[in-house]
Structure formats: structure tokens, C-alpha cells
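A.B. asks: Sharing my_file18.cif below, mmCIF, C-alpha atoms:
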```cif
data_structure
loop_
_atom_site.group_PDB
_atom_site.id
_atom_site.type_symbol
_atom_site.label_atom_id
_atom_site.label_comp_id
_atom_site.auth_asym_id
_atom_site.auth_seq_id
_atom_site.Cartn_x
_atom_site.Cartn_y
_atom_site.Cartn_z
ATOM 1 C CA MET A 28 15.463 16.330 -14.376
ATOM 2 C CA SER A 29 15.164 12.689 -15.486
ATOM 3 C CA LEU A 30 12.445 10.909 -17.438
ATOM 4 C CA HIS A 31 10.290 8.454 -15.492
ATOM 5 C CA VAL A 32 7.693 6.326 -17.311
ATOM 6 C CA VAL A 33 4.601 5.158 -15.437
ATOM 7 C CA VAL A 34 2.330 2.513 -16.958
ATOM 8 C CA GLY A 35 -1.250 2.719 -15.682
ATOM 9 C CA ALA A 36 -3.310 5.579 -14.244
ATOM 10 C CA GLY A 37 -5.176 3.719 -11.519
ATOM 11 C CA PRO A 38 -4.752 4.711 -7.870
ATOM 12 C CA VAL A 39 -1.106 3.591 -7.629
ATOM 13 C CA GLY A 40 -0.049 4.834 -11.071
ATOM 14 C CA SER A 41 -1.676 8.206 -10.464
ATOM 15 C CA ALA A 42 -0.096 8.558 -7.023
ATOM 16 C CA THR A 43 3.320 7.603 -8.423
ATOM 17 C CA ALA A 44 3.074 10.041 -11.334
ATOM 18 C CA ARG A 45 2.000 12.879 -9.010
ATOM 19 C CA LEU A 46 4.791 12.103 -6.540
ATOM 20 C CA LEU A 47 7.457 12.175 -9.248
ATOM 21 C CA ALA A 48 6.073 15.366 -10.802
ATOM 22 C CA ALA A 49 6.009 17.068 -7.412
ATOM 23 C CA ARG A 50 9.709 16.250 -7.090
ATOM 24 C CA GLY A 51 10.394 18.036 -10.380
ATOM 25 C CA GLU A 52 10.940 14.927 -12.487
ATOM 26 C CA GLN A 53 9.824 14.537 -16.098
ATOM 27 C CA VAL A 54 6.914 12.090 -16.045
ATOM 28 C CA ARG A 55 5.344 10.192 -18.940
ATOM 29 C CA LEU A 56 2.125 8.359 -18.099
ATOM 30 C CA ILE A 57 1.083 5.570 -20.472
ATOM 31 C CA THR A 58 -2.485 4.268 -20.642
ATOM 32 C CA ARG A 59 -4.644 2.831 -23.402
ATOM 33 C CA SER A 60 -6.803 5.953 -23.425
ATOM 34 C CA GLY A 61 -4.160 8.554 -22.688
ATOM 35 C CA ARG A 62 -6.270 9.726 -19.759
ATOM 36 C CA ALA A 63 -5.003 12.029 -17.061
ATOM 37 C CA PRO A 64 -3.921 10.704 -13.697
ATOM 38 C CA GLN A 65 -6.450 10.832 -10.900
ATOM 39 C CA PRO A 66 -6.208 14.237 -9.168
ATOM 40 C CA SER A 67 -4.567 14.693 -5.817
ATOM 41 C CA PRO A 68 -7.023 13.958 -2.994
ATOM 42 C CA SER A 69 -6.214 17.322 -1.397
ATOM 43 C CA GLN A 70 -6.278 19.233 -4.699
ATOM 44 C CA GLU A 71 -3.397 21.273 -3.283
ATOM 45 C CA ASN A 72 -0.115 21.643 -5.176
ATOM 46 C CA ASP A 73 -1.469 19.258 -7.792
ATOM 47 C CA GLU A 74 1.198 18.541 -10.408
ATOM 48 C CA THR A 75 -0.915 16.625 -12.906
ATOM 49 C CA ALA A 76 -0.664 19.381 -15.527
ATOM 50 C CA GLN A 77 3.078 18.700 -15.810
ATOM 51 C CA ILE A 78 2.594 15.018 -16.587
ATOM 52 C CA GLU A 79 2.863 13.960 -20.227
ATOM 53 C CA ARG A 80 0.035 11.640 -21.224
ATOM 54 C CA VAL A 81 0.512 8.997 -23.902
ATOM 55 C CA ALA A 82 -2.159 6.712 -25.361
ATOM 56 C CA ALA A 83 -0.590 3.330 -26.081
ATOM 57 C CA ASP A 84 -1.043 -0.385 -25.531
ATOM 58 C CA ALA A 85 1.667 -1.231 -23.006
ATOM 59 C CA SER A 86 1.524 -4.913 -23.990
ATOM 60 C CA ASP A 87 2.914 -3.885 -27.410
ATOM 61 C CA ALA A 88 6.577 -4.494 -26.610
ATOM 62 C CA GLU A 89 8.033 -2.326 -29.374
ATOM 63 C CA ALA A 90 5.680 0.578 -28.700
ATOM 64 C CA LEU A 91 6.448 0.492 -24.988
ATOM 65 C CA ALA A 92 10.180 0.370 -25.703
ATOM 66 C CA ARG A 93 9.887 3.484 -27.884
ATOM 67 C CA HIS A 94 8.031 5.394 -25.185
ATOM 68 C CA THR A 95 10.576 4.302 -22.559
ATOM 69 C CA GLU A 96 13.638 5.394 -24.532
ATOM 70 C CA GLY A 97 15.805 7.686 -22.421
ATOM 71 C CA ALA A 98 13.987 6.895 -19.168
ATOM 72 C CA VAL A 99 15.802 6.147 -15.918
ATOM 73 C CA ALA A 100 12.897 4.163 -14.490
ATOM 74 C CA LEU A 101 9.836 2.281 -15.694
ATOM 75 C CA TYR A 102 7.023 1.739 -13.182
ATOM 76 C CA SER A 103 4.524 -1.054 -13.796
ATOM 77 C CA CYS A 104 1.290 0.144 -12.181
ATOM 78 C CA ALA A 105 -1.224 -1.272 -14.652
ATOM 79 C CA GLY A 106 -3.857 -3.797 -13.723
ATOM 80 C CA PRO A 107 -5.669 -5.949 -16.293
ATOM 81 C CA ALA A 108 -9.276 -6.849 -15.566
ATOM 82 C CA TYR A 109 -9.397 -9.309 -12.663
ATOM 83 C CA HIS A 110 -10.870 -12.141 -14.723
ATOM 84 C CA ARG A 111 -8.363 -11.615 -17.560
ATOM 85 C CA TRP A 112 -5.123 -11.978 -15.597
ATOM 86 C CA PRO A 113 -4.108 -15.315 -17.209
ATOM 87 C CA THR A 114 -4.476 -13.909 -20.735
ATOM 88 C CA ASP A 115 -3.531 -10.229 -20.324
ATOM 89 C CA TRP A 116 -0.682 -10.250 -17.804
ATOM 90 C CA PRO A 117 1.857 -12.458 -19.674
ATOM 91 C CA PRO A 118 2.175 -10.207 -22.758
ATOM 92 C CA LEU A 119 2.216 -7.087 -20.594
ATOM 93 C CA GLY A 120 4.902 -8.534 -18.329
ATOM 94 C CA ALA A 121 7.017 -9.567 -21.315
ATOM 95 C CA ALA A 122 6.655 -6.103 -22.847
ATOM 96 C CA LEU A 123 7.782 -4.436 -19.624
ATOM 97 C CA VAL A 124 10.905 -6.616 -19.453
ATOM 98 C CA HIS A 125 11.634 -5.913 -23.131
ATOM 99 C CA ALA A 126 11.247 -2.157 -22.670
ATOM 100 C CA ALA A 127 13.530 -2.211 -19.633
ATOM 101 C CA GLU A 128 16.147 -4.200 -21.531
ATOM 102 C CA VAL A 129 16.114 -1.974 -24.614
ATOM 103 C CA SER A 130 15.989 1.339 -22.741
ATOM 104 C CA GLY A 131 18.147 0.500 -19.736
ATOM 105 C CA ALA A 132 15.451 1.859 -17.413
ATOM 106 C CA VAL A 133 15.069 0.231 -13.995
ATOM 107 C CA LEU A 134 11.826 -1.774 -13.971
ATOM 108 C CA VAL A 135 9.915 -1.523 -10.701
ATOM 109 C CA THR A 136 6.692 -3.508 -10.595
ATOM 110 C CA THR A 137 3.663 -3.052 -8.368
ATOM 111 C CA GLY A 138 2.989 -6.535 -7.059
ATOM 112 C CA ASN A 139 0.777 -8.107 -4.414
ATOM 113 C CA LEU A 140 0.770 -11.046 -2.009
ATOM 114 C CA TYR A 141 -1.017 -13.613 -4.183
ATOM 115 C CA ALA A 142 2.150 -15.469 -5.185
ATOM 116 C CA TYR A 143 2.811 -16.581 -1.597
ATOM 117 C CA GLY A 144 -0.392 -18.603 -1.454
ATOM 118 C CA GLN A 145 -1.887 -19.538 1.906
ATOM 119 C CA VAL A 146 0.561 -18.723 4.682
ATOM 120 C CA ASP A 147 0.431 -19.370 8.420
ATOM 121 C CA GLY A 148 1.656 -16.294 10.245
ATOM 122 C CA PRO A 149 2.903 -12.923 8.971
ATOM 123 C CA ILE A 150 4.118 -12.848 5.361
ATOM 124 C CA THR A 151 7.693 -11.642 4.858
ATOM 125 C CA GLU A 152 9.736 -11.164 1.700
ATOM 126 C CA ASP A 153 11.519 -14.431 2.557
ATOM 127 C CA THR A 154 8.274 -16.419 2.581
ATOM 128 C CA PRO A 155 8.486 -18.987 -0.278
ATOM 129 C CA LEU A 156 6.329 -18.409 -3.337
ATOM 130 C CA ARG A 157 3.803 -21.259 -3.227
ATOM 131 C CA PRO A 158 0.751 -19.967 -5.081
ATOM 132 C CA ASN A 159 -2.455 -21.912 -4.554
ATOM 133 C CA SER A 160 -4.554 -19.981 -7.089
ATOM 134 C CA VAL A 161 -4.425 -19.259 -10.811
ATOM 135 C CA LYS A 162 -3.922 -15.561 -10.136
ATOM 136 C CA GLY A 163 -1.139 -16.356 -7.706
ATOM 137 C CA GLN A 164 0.581 -18.487 -10.332
ATOM 138 C CA VAL A 165 0.337 -15.599 -12.811
ATOM 139 C CA ARG A 166 1.912 -13.158 -10.372
ATOM 140 C CA ALA A 167 4.660 -15.598 -9.378
ATOM 141 C CA LYS A 168 5.668 -16.175 -13.000
ATOM 142 C CA LEU A 169 5.730 -12.443 -13.753
ATOM 143 C CA TRP A 170 8.211 -11.928 -10.945
ATOM 144 C CA THR A 171 10.363 -14.997 -11.616
ATOM 145 C CA ASP A 172 10.642 -14.043 -15.299
ATOM 146 C CA ALA A 173 11.694 -10.485 -14.458
ATOM 147 C CA LEU A 174 14.107 -11.718 -11.784
ATOM 148 C CA ALA A 175 15.663 -14.194 -14.233
ATOM 149 C CA ALA A 176 16.274 -11.334 -16.677
ATOM 150 C CA HIS A 177 17.833 -9.335 -13.834
ATOM 151 C CA GLN A 178 20.086 -12.197 -12.777
ATOM 152 C CA ALA A 179 21.162 -12.684 -16.384
ATOM 153 C CA GLY A 180 22.246 -9.034 -16.519
ATOM 154 C CA ARG A 181 19.612 -8.088 -19.091
ATOM 155 C CA ILE A 182 17.657 -5.685 -16.869
ATOM 156 C CA ARG A 183 17.607 -4.185 -13.390
ATOM 157 C CA THR A 184 14.392 -4.748 -11.486
ATOM 158 C CA ALA A 185 12.577 -4.896 -8.159
ATOM 159 C CA GLU A 186 9.019 -5.681 -7.106
ATOM 160 C CA VAL A 187 6.989 -3.774 -4.528
ATOM 161 C CA ARG A 188 4.187 -5.757 -2.881
ATOM 162 C CA GLY A 189 1.289 -4.485 -0.807
ATOM 163 C CA SER A 190 -1.829 -5.916 0.753
ATOM 164 C CA ASP A 191 -5.379 -4.742 -0.039
ATOM 165 C CA TYR A 192 -5.447 -1.010 -0.657
ATOM 166 C CA LEU A 193 -6.927 1.976 1.104
ATOM 167 C CA GLY A 194 -6.833 5.462 -0.424
ATOM 168 C CA ALA A 195 -8.431 7.304 -3.316
ATOM 169 C CA GLY A 196 -9.571 4.872 -5.993
ATOM 170 C CA ALA A 197 -8.690 1.750 -3.991
ATOM 171 C CA ALA A 198 -10.671 -1.334 -5.034
ATOM 172 C CA SER A 199 -11.070 -4.297 -2.685
ATOM 173 C CA PRO A 200 -13.976 -6.275 -1.223
ATOM 174 C CA PHE A 201 -14.004 -3.766 1.635
ATOM 175 C CA THR A 202 -14.038 -0.586 -0.474
ATOM 176 C CA ILE A 203 -16.535 -2.038 -2.969
ATOM 177 C CA LEU A 204 -18.904 -4.086 -0.817
ATOM 178 C CA VAL A 205 -18.678 -2.587 2.659
ATOM 179 C CA LEU A 206 -17.544 1.021 2.794
ATOM 180 C CA PRO A 207 -20.207 2.604 0.504
ATOM 181 C CA LYS A 208 -23.041 0.935 2.435
ATOM 182 C CA VAL A 209 -21.589 1.937 5.788
ATOM 183 C CA LEU A 210 -21.455 5.553 4.610
ATOM 184 C CA ARG A 211 -25.159 5.361 3.670
ATOM 185 C CA GLY A 212 -26.119 3.794 6.983
ATOM 186 C CA LYS A 213 -27.097 0.512 5.343
ATOM 187 C CA ARG A 214 -26.241 -3.054 6.323
ATOM 188 C CA ALA A 215 -23.209 -4.427 4.478
ATOM 189 C CA SER A 216 -21.922 -7.938 3.956
ATOM 190 C CA ALA A 217 -18.536 -9.273 2.940
ATOM 191 C CA PRO A 218 -17.286 -12.748 1.976
ATOM 192 C CA ALA A 219 -14.880 -12.904 4.901
ATOM 193 C CA ASP A 220 -14.211 -13.683 8.539
ATOM 194 C CA LEU A 221 -15.126 -10.228 9.818
ATOM 195 C CA ASP A 222 -12.880 -10.494 12.878
ATOM 196 C CA ALA A 223 -9.711 -11.934 11.327
ATOM 197 C CA PRO A 224 -6.747 -9.518 11.359
ATOM 198 C CA HIS A 225 -6.072 -8.159 7.880
ATOM 199 C CA SER A 226 -3.367 -5.810 6.556
ATOM 200 C CA TRP A 227 -4.363 -2.676 4.640
ATOM 201 C CA THR A 228 -1.803 -0.792 2.540
ATOM 202 C CA TYR A 229 -2.154 2.886 1.627
ATOM 203 C CA VAL A 230 -1.743 3.657 -2.090
ATOM 204 C CA GLY A 231 0.414 6.698 -1.320
ATOM 205 C CA ASP A 232 2.859 4.453 0.541
ATOM 206 C CA VAL A 233 2.978 2.130 -2.477
ATOM 207 C CA ALA A 234 4.008 5.078 -4.648
ATOM 208 C CA GLN A 235 6.693 6.150 -2.179
ATOM 209 C CA THR A 236 8.123 2.641 -2.054
ATOM 210 C CA LEU A 237 8.152 2.274 -5.849
ATOM 211 C CA VAL A 238 10.073 5.532 -6.261
ATOM 212 C CA ALA A 239 12.484 4.698 -3.431
ATOM 213 C CA ALA A 240 13.238 1.241 -4.829
ATOM 214 C CA ALA A 241 13.851 2.624 -8.317
ATOM 215 C CA ALA A 242 16.394 5.118 -7.006
ATOM 216 C CA ASP A 243 18.372 2.717 -4.779
ATOM 217 C CA GLU A 244 20.558 0.223 -6.606
ATOM 218 C CA THR A 245 20.887 -1.840 -3.424
ATOM 219 C CA ALA A 246 17.115 -2.434 -3.633
ATOM 220 C CA TRP A 247 17.240 -4.138 -7.031
ATOM 221 C CA GLY A 248 16.976 -7.866 -7.574
ATOM 222 C CA ARG A 249 14.459 -8.551 -4.831
ATOM 223 C CA ALA A 250 10.923 -7.909 -3.624
ATOM 224 C CA TRP A 251 9.896 -5.387 -0.974
ATOM 225 C CA HIS A 252 6.729 -5.143 1.109
ATOM 226 C CA VAL A 253 5.219 -1.676 1.245
ATOM 227 C CA PRO A 254 5.399 -0.203 4.764
ATOM 228 C CA THR A 255 1.998 -1.108 6.188
ATOM 229 C CA PRO A 256 0.446 -0.350 9.604
ATOM 230 C CA GLU A 257 -0.818 -2.892 12.117
ATOM 231 C CA PRO A 258 -3.615 -5.122 10.775
ATOM 232 C CA MET A 259 -7.264 -4.397 11.433
ATOM 233 C CA SER A 260 -10.273 -6.650 10.976
ATOM 234 C CA ILE A 261 -13.012 -5.795 8.505
ATOM 235 C CA ARG A 262 -15.458 -5.268 11.360
ATOM 236 C CA ALA A 263 -13.098 -2.858 13.114
ATOM 237 C CA LEU A 264 -12.396 -1.037 9.850
ATOM 238 C CA ALA A 265 -16.118 -0.682 9.153
ATOM 239 C CA THR A 266 -16.704 0.614 12.678
ATOM 240 C CA ARG A 267 -13.935 3.178 12.295
ATOM 241 C CA THR A 268 -15.259 4.225 8.889
ATOM 242 C CA ALA A 269 -18.641 5.087 10.403
ATOM 243 C CA GLU A 270 -16.995 7.015 13.227
ATOM 244 C CA LEU A 271 -14.780 9.070 10.914
ATOM 245 C CA ALA A 272 -17.638 9.817 8.504
ATOM 246 C CA GLY A 273 -20.166 10.653 11.178
ATOM 247 C CA ALA A 274 -22.403 7.892 9.842
ATOM 248 C CA PRO A 275 -24.685 5.569 11.854
ATOM 249 C CA ALA A 276 -22.960 2.683 13.606
ATOM 250 C CA ALA A 277 -21.735 0.132 11.097
ATOM 251 C CA ARG A 278 -23.871 -2.951 10.554
ATOM 252 C CA ILE A 279 -22.076 -5.776 8.805
ATOM 253 C CA SER A 280 -22.530 -9.501 8.351
ATOM 254 C CA ALA A 281 -20.447 -12.282 6.844
ATOM 255 C CA MET A 282 -21.421 -13.425 3.360
ATOM 256 C CA PRO A 283 -21.333 -17.220 3.025
ATOM 257 C CA THR A 284 -19.129 -18.674 0.315
ATOM 258 C CA ILE A 285 -22.155 -20.176 -1.403
ATOM 259 C CA ALA A 286 -23.519 -16.663 -1.979
ATOM 260 C CA LEU A 287 -20.232 -15.744 -3.650
ATOM 261 C CA ARG A 288 -20.477 -18.809 -5.864
ATOM 262 C CA ILE A 289 -24.006 -17.904 -6.899
ATOM 263 C CA GLY A 290 -22.925 -14.327 -7.602
ATOM 264 C CA GLY A 291 -20.070 -15.702 -9.675
ATOM 265 C CA LEU A 292 -22.548 -17.175 -12.116
ATOM 266 C CA PHE A 293 -23.381 -13.635 -13.225
ATOM 267 C CA ASN A 294 -20.404 -11.504 -12.152
ATOM 268 C CA PRO A 295 -16.865 -12.425 -13.322
ATOM 269 C CA ASP A 296 -15.213 -10.477 -10.500
ATOM 270 C CA ALA A 297 -17.233 -12.361 -7.884
ATOM 271 C CA ARG A 298 -16.303 -15.621 -9.585
ATOM 272 C CA GLU A 299 -12.603 -14.744 -9.430
ATOM 273 C CA MET A 300 -12.790 -14.012 -5.692
ATOM 274 C CA ILE A 301 -13.631 -17.626 -4.881
ATOM 275 C CA GLU A 302 -10.077 -18.956 -5.292
ATOM 276 C CA THR A 303 -8.646 -16.245 -3.008
ATOM 277 C CA GLN A 304 -11.072 -16.760 -0.135
ATOM 278 C CA TYR A 305 -8.148 -17.952 1.985
ATOM 279 C CA GLN A 306 -7.046 -14.295 2.165
ATOM 280 C CA TRP A 307 -10.360 -13.292 3.746
ATOM 281 C CA ARG A 308 -11.460 -16.265 5.838
ATOM 282 C CA ARG A 309 -8.349 -16.350 8.043
ATOM 283 C CA PRO A 310 -5.649 -13.913 9.264
ATOM 284 C CA PHE A 311 -3.835 -12.191 6.386
ATOM 285 C CA VAL A 312 -0.956 -10.111 7.706
ATOM 286 C CA VAL A 313 2.043 -8.590 5.946
ATOM 287 C CA ASP A 314 5.410 -7.954 7.622
ATOM 288 C CA SER A 315 6.929 -4.810 6.119
ATOM 289 C CA ILE A 316 9.772 -4.021 8.494
ATOM 290 C CA ALA A 317 12.470 -4.531 5.825
ATOM 291 C CA ALA A 318 11.265 -1.709 3.569
ATOM 292 C CA THR A 319 10.392 0.498 6.539
ATOM 293 C CA VAL A 320 14.003 0.325 7.679
ATOM 294 C CA ALA A 321 15.643 0.374 4.231
ATOM 295 C CA PHE A 322 13.737 3.357 2.842
ATOM 296 C CA GLY A 323 12.764 5.206 6.010
ATOM 297 C CA ILE A 324 9.109 5.271 4.999
ATOM 298 C CA LYS A 325 6.655 5.506 7.880
ATOM 299 C CA PRO A 326 3.302 4.048 6.812
ATOM 300 C CA ALA A 327 0.323 6.351 6.784
ATOM 301 C CA ALA A 328 -2.005 5.945 9.731
ATOM 302 C CA THR A 329 -5.043 3.805 8.936
ATOM 303 C CA ASP A 330 -7.321 6.694 9.968
ATOM 304 C CA ASP A 331 -5.665 8.978 7.404
ATOM 305 C CA ALA A 332 -5.912 6.339 4.671
ATOM 306 C CA LEU A 333 -9.577 5.791 5.549
ATOM 307 C CA ARG A 334 -10.321 9.522 5.442
ATOM 308 C CA GLU A 335 -8.916 9.715 1.926
ATOM 309 C CA THR A 336 -10.889 6.646 0.857
ATOM 310 C CA ILE A 337 -14.094 8.079 2.288
ATOM 311 C CA ALA A 338 -13.532 11.485 0.673
ATOM 312 C CA ALA A 339 -12.928 9.938 -2.743
ATOM 313 C CA ILE A 340 -16.146 7.903 -2.571
ATOM 314 C CA ALA A 341 -18.159 10.824 -1.228
ATOM 315 C CA ASN A 342 -17.036 12.976 -4.153
#
```
Please lay out the structure from this file as C-alpha cells.
C.D. replies:
Amino acid sequence: MSLHVVVGAGPVGSATARLLAARGEQVRLITRSGRAPQPSPSQENDETAQIERVAADASDAEALARHTEGAVALYSCAGPAYHRWPTDWPPLGAALVHAAEVSGAVLVTTGNLYAYGQVDGPITEDTPLRPNSVKGQVRAKLWTDALAAHQAGRIRTAEVRGSDYLGAGAASPFTILVLPKVLRGKRASAPADLDAPHSWTYVGDVAQTLVAAAADETAWGRAWHVPTPEPMSIRALATRTAELAGAPAARISAMPTIALRIGGLFNPDAREMIETQYQWRRPFVVDSIAATVAFGIKPAATDDALRETIAAIAN
């Protein structure tokens, strides 16, 4: 039994901690509050009681290094507040690299697709990093800094990137703005092209990919896209949500960008969504064949991911 350290108890961190515990590994979960991981959606064979909880500020490099001592892997699953990425991510990223260097643990980071910027066609791991947003620049620098440390022989690392999440606890414009209203039979709106194809990644598949990448030394030194099913438009996803939940037929309309700008005057999260509108107003598709083949992970069906998302909101 080896020690695995997970930073962050959001949907991905919780799923990763539960997966490792279920495999009989020693798991230490670090959060500011020391809170427990989110419970298993099925509540069956839940291993959360075996997970050690530690209250600590993961951006404190020395504290994180102490808590990572003796670990074989360090999983970055934390997520600073959306509007605080430029200020909160750099010290956290530096602390993660420091902890990996001091402890010798493999650092595997939960990333996203922001660093690629606006791309025509499916996004692959070979797509150049050309961020066209502040948040994309933040994510690109986090990865290039970690990769530089890897190439210098200071750490071993990999990054696992997914698209917008489905699953228990997933937060995206769809799960926040659309899904709850569809379940209540109310009209929903989203700042998006409702019919553009969009990739949706299941949080459980993110956890599987993180753990697989940490265990495979041939996976280090590069980024991997989480195995993700065929894209589905927001309209189609809303329609399927209503069908699976037995709710009235979904009613959804497109929110104009000006409405998002007005909302941004009062809501920092709405304000931050403006610079990433390119992800929602045009096709946004991830190619994940490389990780599917390398790790043998078959992505969860979108229906199954939706059922879990619905159940979590309903409860």
C-alpha cells in the first residue's frame, strides 16, 4: 500500500480519492477546511472513511511538501475561485512543483483546454498552446513551468485535460444555468450557440486518467486528454436531460452576450465567462483517442454521466 496525496475535494478530487481508496491505497486528502470528500454517487462500497483528511493551505510550499513526504504521487485537483485564477494559481502551482521535487512524488495535474485558445477543428494534445484569454495564459504557464521542471530532471509530471464536466458536483454553464431549470420544467437560457457540438467529460473518467497517468512512467512529460465521448450540443443535452429525468420537454434559449456583460457587472463568475465565449459560441470538440488507447479507458456514456449529474442535483 502506497501513499497518494490528493489536493482538493471538489468533484475530481473526491472521485480520485475514492478511486484510490477503493484500490486499497493509502490516501491523504488536503483541503483548506479538512473536509471529507464528496460521497460516492451510488453510496455503495464507499471508501471515504479510509481517507485521511488534512486541513492545510496547499499554496504554502513547505506545508505541502511536509504532507507529501513519502508519497508516490501527488494529484492536483484543486480549483481556485474562477475570478481569482491570476492571483491564486501561480503560488499553488509553484507549491505543487516544490512538493513534487522535495518528496519525489509524481505530480499529475488536472488541467483543461483553455491554454489552446480558439481552435478550428478537434483539439488534440499536439495542438499548439495559443491562449487567447487571461485564464488560458494562466493555465499555459502552469503547465510550461511544471514541464520545464520535468525536463530539467527536478520532478516527474503529466497533465490530464478534460472538457466541461458532467457528473456529481460538476460546475459548468450547462449544469449551473440549464440543467436545474430543465429539471423543474422551467425555461432555461445559456450564453452559447445551442446547436454547436460540444465535448462533455465525465469526472469519474478524469479520476481514472489521473491515476493511470501517475502509475505509468511512459505517460510522464506530456499532456493527456481524458477519454471523452462524442460531442453533443447544449440543446441535445438539455433534451436528453428532460427525457432521463421524466421532466417536461426542455425549453431553452440562447442568452445574448450583452446579457452576460450586464450580469458581469454584479457577478464575478459571469464577468469571467466573457473572455471564454469562443468555447460556447462555436464547435468545441476534444480528441481523446491517445489516452483511450494508452490507458484502455472507455469513456462513460453521456447518459450515465447525465444520470449521475441529475441525481446529485436532485439530492
A.B. asks: Find the residues of region 144-225 of chain A that sit at most 12 Å from region 277-301 of chain A; for each, write down the nearest two atoms and how far apart they are in Å, to one decimal. Count all atoms listed in the file. Sort by chain, then by number going up, and give it as JSON lines.
C.D. replies:
```
{"residue": "A:Asn159", "atom": "CA", "partner": "A:Ile301", "partner_atom": "CA", "distance": 12.0}
{"residue": "A:Ser160", "atom": "CA", "partner": "A:Ile301", "partner_atom": "CA", "distance": 9.6}
{"residue": "A:Val161", "atom": "CA", "partner": "A:Glu299", "partner_atom": "CA", "distance": 9.4}
{"residue": "A:Lys162", "atom": "CA", "partner": "A:Glu299", "partner_atom": "CA", "distance": 8.7}
{"residue": "A:Gly163", "atom": "CA", "partner": "A:Glu299", "partner_atom": "CA", "distance": 11.7}
{"residue": "A:Ala198", "atom": "CA", "partner": "A:Asp296", "partner_atom": "CA", "distance": 11.6}
{"residue": "A:Ser199", "atom": "CA", "partner": "A:Met300", "partner_atom": "CA", "distance": 10.3}
{"residue": "A:Pro200", "atom": "CA", "partner": "A:Met300", "partner_atom": "CA", "distance": 9.0}
{"residue": "A:Phe201", "atom": "CA", "partner": "A:Ile279", "partner_atom": "CA", "distance": 11.0}
{"residue": "A:Ile203", "atom": "CA", "partner": "A:Asp296", "partner_atom": "CA", "distance": 11.4}
{"residue": "A:Leu204", "atom": "CA", "partner": "A:Ile279", "partner_atom": "CA", "distance": 10.3}
{"residue": "A:Val205", "atom": "CA", "partner": "A:Ile279", "partner_atom": "CA", "distance": 7.7}
{"residue": "A:Leu206", "atom": "CA", "partner": "A:Ala277", "partner_atom": "CA", "distance": 9.3}
{"residue": "A:Pro207", "atom": "CA", "partner": "A:Ala277", "partner_atom": "CA", "distance": 11.0}
{"residue": "A:Lys208", "atom": "CA", "partner": "A:Ala277", "partner_atom": "CA", "distance": 8.8}
{"residue": "A:Val209", "atom": "CA", "partner": "A:Ala277", "partner_atom": "CA", "distance": 5.6}
{"residue": "A:Leu210", "atom": "CA", "partner": "A:Ala277", "partner_atom": "CA", "distance": 8.5}
{"residue": "A:Arg211", "atom": "CA", "partner": "A:Ala277", "partner_atom": "CA", "distance": 9.7}
{"residue": "A:Gly212", "atom": "CA", "partner": "A:Ala277", "partner_atom": "CA", "distance": 7.0}
{"residue": "A:Lys213", "atom": "CA", "partner": "A:Arg278", "partner_atom": "CA", "distance": 7.0}
{"residue": "A:Arg214", "atom": "CA", "partner": "A:Arg278", "partner_atom": "CA", "distance": 4.9}
{"residue": "A:Ala215", "atom": "CA", "partner": "A:Ile279", "partner_atom": "CA", "distance": 4.7}
{"residue": "A:Ser216", "atom": "CA", "partner": "A:Ser280", "partner_atom": "CA", "distance": 4.7}
{"residue": "A:Ala217", "atom": "CA", "partner": "A:Met282", "partner_atom": "CA", "distance": 5.1}
{"residue": "A:Pro218", "atom": "CA", "partner": "A:Met282", "partner_atom": "CA", "distance": 4.4}
{"residue": "A:Ala219", "atom": "CA", "partner": "A:Ala281", "partner_atom": "CA", "distance": 5.9}
{"residue": "A:Asp220", "atom": "CA", "partner": "A:Ala281", "partner_atom": "CA", "distance": 6.6}
{"residue": "A:Leu221", "atom": "CA", "partner": "A:Ala281", "partner_atom": "CA", "distance": 6.4}
{"residue": "A:Asp222", "atom": "CA", "partner": "A:Ala281", "partner_atom": "CA", "distance": 9.8}
{"residue": "A:Ala223", "atom": "CA", "partner": "A:Ala281", "partner_atom": "CA", "distance": 11.6}
```
A.B. asks: For the provided coordinates, the residues matched by the PyMOL selection byres ((chain A and resi 97-105) around 7) should be stated as a list of chain:residue names.
C.D. replies: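 After applying the PyMOL selection byres ((chain A and resi 97-105) around 7), what remains is A:Ser29, A:Leu30, A:His31, A:Val32, A:Val33, A:Val34, A:Gly35, A:Val39, A:Gly40, A:Thr95, A:Glu96, A:Gly106, A:Pro107, A:Ser130, A:Ala132, A:Val133, A:Leu134, A:Val135, A:Thr136, A:Thr137, A:Ala241.
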A.B. asks: Let me have the centre and edge lengths in Å, one decimal, of the box along x, y and z around every listed atom of region 160-178 of chain A with 5 Å of margin on each side, as AutoDock Vina command-line options.
C.D. replies:
```
--center_x 7.8 --center_y -14.7 --center_z -11.9 --size_x 34.6 --size_y 20.6 --size_z 19.6
```
A.B. asks: Would you please work out which residue, of A:Ala332, A:Leu237, A:Leu56, A:Ala142, is nearest to Ala318 (chain A) when using all atoms listed in the file?
C.D. replies: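 So, comparing all the options, the nearest one is A:Leu237.
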A.B. asks: Taking the file above as input, evaluate the PyMOL selection byres ((chain A and resi 250) around 6) and report the hits as a tab-separated table (two decimals) with C-alpha atoms, keeping the file's coordinate frame.
C.D. replies:
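Everything below was put into expr_2.tsv:
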```
chain	number	residue	atom	x	y	z
A	185	ALA	CA	12.58	-4.90	-8.16
A	186	GLU	CA	9.02	-5.68	-7.11
A	187	VAL	CA	6.99	-3.77	-4.53
A	249	ARG	CA	14.46	-8.55	-4.83
A	251	TRP	CA	9.90	-5.39	-0.97
```
A.B. asks: Just to confirm, what's the straight-line distance from CA of Ser86 (chain A) to CA of Thr202 (chain A) in Å (one decimal)?
C.D. replies: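 CA of Thr202 (chain A) lies at a distance of 28.5 Å from CA of Ser86 (chain A).
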A.B. asks: Mind telling me what the PyMOL selection byres ((chain A and resi 117-127) around 7) catches here, as a PyMOL selection string?
C.D. replies: chain A and resi 85-88+91-92+95+114-116+128-134+169+173+182
A.B. asks: May I ask which of the residues A:Thr151, A:Gly180, A:Gln65, A:Gln164 is the closest one to Ala317 (chain A), counting all atoms listed in the file?
C.D. replies: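 Nearest candidate to Ala317 (chain A) out of A:Thr151, A:Gly180, A:Gln65, A:Gln164: A:Thr151.
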A.B. asks: Would you fill out region 293-297 of chain A with N, CA, C and O atoms and return it as a short mmCIF file (atom, residue, chain, number, x, y, z; two decimals), keeping the file's coordinate frame?
C.D. replies:
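Written file, part13.cif:
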```cif
data_model
loop_
_atom_site.label_atom_id
_atom_site.label_comp_id
_atom_site.auth_asym_id
_atom_site.auth_seq_id
_atom_site.Cartn_x
_atom_site.Cartn_y
_atom_site.Cartn_z
N PHE A 293 -22.98 -14.82 -12.46
CA PHE A 293 -23.38 -13.64 -13.22
C PHE A 293 -22.31 -12.54 -13.25
O PHE A 293 -22.31 -11.70 -14.15
N ASN A 294 -21.40 -12.57 -12.28
CA ASN A 294 -20.40 -11.50 -12.15
C ASN A 294 -19.01 -12.11 -12.19
O ASN A 294 -18.64 -12.87 -11.29
N PRO A 295 -18.20 -11.80 -13.22
CA PRO A 295 -16.86 -12.42 -13.32
C PRO A 295 -15.94 -12.07 -12.17
O PRO A 295 -15.11 -12.88 -11.75
N ASP A 296 -16.07 -10.85 -11.62
CA ASP A 296 -15.21 -10.48 -10.50
C ASP A 296 -15.55 -11.30 -9.26
O ASP A 296 -14.64 -11.73 -8.52
N ALA A 297 -16.84 -11.51 -9.02
CA ALA A 297 -17.23 -12.36 -7.88
C ALA A 297 -16.72 -13.78 -8.07
O ALA A 297 -16.24 -14.42 -7.13
#
```
